[in-house]
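Data block below; observations after.
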Amino acid sequence: MQLSVESLLDGVMRTLREAVLPAVGERFARGQLFAVLDVLQNLRDRVEPKAELAEAEATSAAAALEQAAQVLPPPYRSELTRAVADAPDGPPVARAAALRAIVTRAYEMLAHLPDDQAAPVRAALGQHLAAQAMRDVAVLKPSLLEEISKG
């Protein structure tokens with residue numbers, strides 16, 4: 001699962017302020033670092049997650065939850081079915097977040113089921129999470145680790 005854009009940018013800015021800035025002694029470099037912090041600070045509340053990524057996650061989660069509901073025993077089946085039906089239709093980010101919470105609830109239900117009943121639910125949810133992990137990784141840019149290691 002991905003961090004929110006706000007949390008990610010907050011972490012980057014905190015690291016730049018607390019760890020990088022004290023180590024930068026040159027005035028010009030410090031000025032450049034403050035400029036980067038200024039841009040990130042102003043960008044933080046203007047960036048939104050891509051709707052198409054949220055739509056893909058929501059579609060996958062809904063399918064996995066429907067599949068899971070089909071094999072759950074009645075009290076859990078109706079709770080899961082109702083929760084999916086009550087999830088907002090949009091915007092995509094809100095739908096994906098709601099379905100993500102329902103996936104978590106479905107895993108909580110598994111703790112109360114025998115292994116033979118839990119296994120097909122776990123498999124359906126696991127397929128969704130594996131696909132989601134691949135979607136999350138697919139949008140990452142190539143690493144700059146080689147450049148980072150050179151300093």
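The chains in the structure tokens are called A, B, ... from first to last as shown; in each chain the residues are counted from 1, and the ligands are counted from 1 in the order shown.
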
Just the residues within 12 Å of region 34-47 of chain A, please, counting only C-alpha atoms, with nothing from its chain fewer than 2 positions along; format it as a PyMOL selection string.
chain A and resi 4-18+20-22+24+27-32+49-51

Taking the DSSP secondary structure from the backbone, can you list the residues of chain A that are alpha helix (DSSP H), as a PyMOL selection string?
chain A and resi 5-15+27-43+51-71+74-86+92-110+115-138+145-150

Out of A:Leu145, A:Leu140, A:Ala62, A:Ala83, which residue has the shortest atom-to-atom distance to Arg105 (chain A) when counting only C-alpha atoms?
A:Ala83

Would you list the contacts of Ala56 (chain A) as a PyMOL selection string, taking every protein, DNA or RNA residue within 12 Å and counting only C-alpha atoms, but skipping same-chain residues closer than 4 positions in sequence?
chain A and resi 50-52+60-63+92-93+95-96+99+128-129+131-136
